[in-house]
Amino acid sequence: GQQLNQSPQSMFIQEGEDVSMNCTSSSIFNTWLWYKQEPGEGPVLLIALYKAGELTSNGRLTAQFGITRKDSFLNISASIPSDVGIYFCAGQLVQGAQKLVFGQGTRLTINP
Amino acid sequence: GAVVSQHPSRVICKSGTSVKIECRSLDFQATTMFWYRQFPKQSLMLMATSNEGSKATYEQGVEKDKFLINHASLTLSTLTVTSAHPEDSSFYICSARENTVNTEAFFGQGTRLTVV
């Protein structure tokens with residue numbers, strides 16, 4: 001089936017550093033979503049992207065929908081302790097069903 | 001964003017019994033709801049997609065007779081794990097979306113099922 005390759009799998013950074021993670025696929029997607037999940041909770045939507053090339057910000061978070069429609073990145077600037085969690089990308093295929101395809105997740109750990 | 005409420009958040013049951021998990025959309029009508037299963041340190045695995053008033057569409061490898069899904073109204077879907085076994089212990093998460101142009105799906109808080 002379709003896969004989203006998300007990297008890195010984990011990140012260990014110092015508080016205040018910037019973070020970058022991305023998702024790539026061999027398939028074309030018409031929607032990219034970025035979620036954050038904390039332990040024992042469901043994922044929370046951070047940013048939704050609908051157009052190729054679209055760049056969207058949500059506070060210190062910025063995400064872009066790749067021009068090829070096969071990739072997306074998420075940046076977090078000036079990380080703080082509450083940014084700790086697992087970040088997932090998810091995409092909806094152009095010709096696909098309603099369901100989302102999820103990346104494997106990026107586990108972010110921040111050293112104070 | 002929209003609110004999706006999942007209940008219970010934790011449940012412990014004996015092997016052989018059945019457990020029902022509810023997923024409600026609180027401030028919107030959810031035409032479509034999704035049920036996922038998540039193992040520790042892994043991504044979400046889609047189990048099934050349910051549309052209000054119709055039978056759920058199960059992903060390959062998911063037993064429809066074991067994981068019963070009902071989506072009888074636009075605000076409620078239920079997942080029943082029948083004859084639960086310890087290997088069914090997992091984190092189950094639902095999500096819901098409106099039938100609008102935007103395709104965001106909003107997630108419930110998840111249910112930690114432990115079968116003993």
# chains A, B, ... in the order shown; residues from 1 in each chain; ligands from 1
call {"tool": "select_by_dssp", "arguments": {"residues": "chain B", "states": "strand (DSSP E)", "output": "PyMOL selection string"}}
result
chain B and resi 4-7+10-13+19-25+32-38+44-51+57-58+67-73+76-81+90-97+106-107+111-115
call {"tool": "interface_residues", "arguments": {"of": "chain B", "to": "chain A", "cutoff": "9 Å", "atoms": "only C-alpha atoms", "output": "list in words"}}
result
Gly1, Ser9, Thr32, Phe34, Lys41, Gln42, Ser43, Leu44, Met45, Leu46, Thr49, Phe91, Ile93, Cys94, Ser95, Asn102, Thr103, Glu104, Ala105, Phe106, Phe107, Gly108, Gln109, Gly110, Thr111 and Arg112 of chain B
call {"tool": "atom_distance", "arguments": {"atom1": "atom CA of B:Phe28", "atom2": "atom CA of B:Ala56"}}
result
20.2 Å
call {"tool": "closest_residue", "arguments": {"among": "A:Val84, A:Glu38, A:Ser26, A:Cys89", "to": "A:Ser7", "atoms": "only C-alpha atoms"}}
result
A:Cys89
call {"tool": "residues_around", "arguments": {"residues": "B:Gly53", "least_positions_apart": "5", "cutoff": "8 Å", "atoms": "only C-alpha atoms", "output": "list in words"}}
result
His71, Ala72 and Ser73 of chain B
call {"tool": "atom_distance", "arguments": {"atom1": "atom CA of B:Gln38", "atom2": "atom CA of A:Gly66"}}
result
27.8 Å
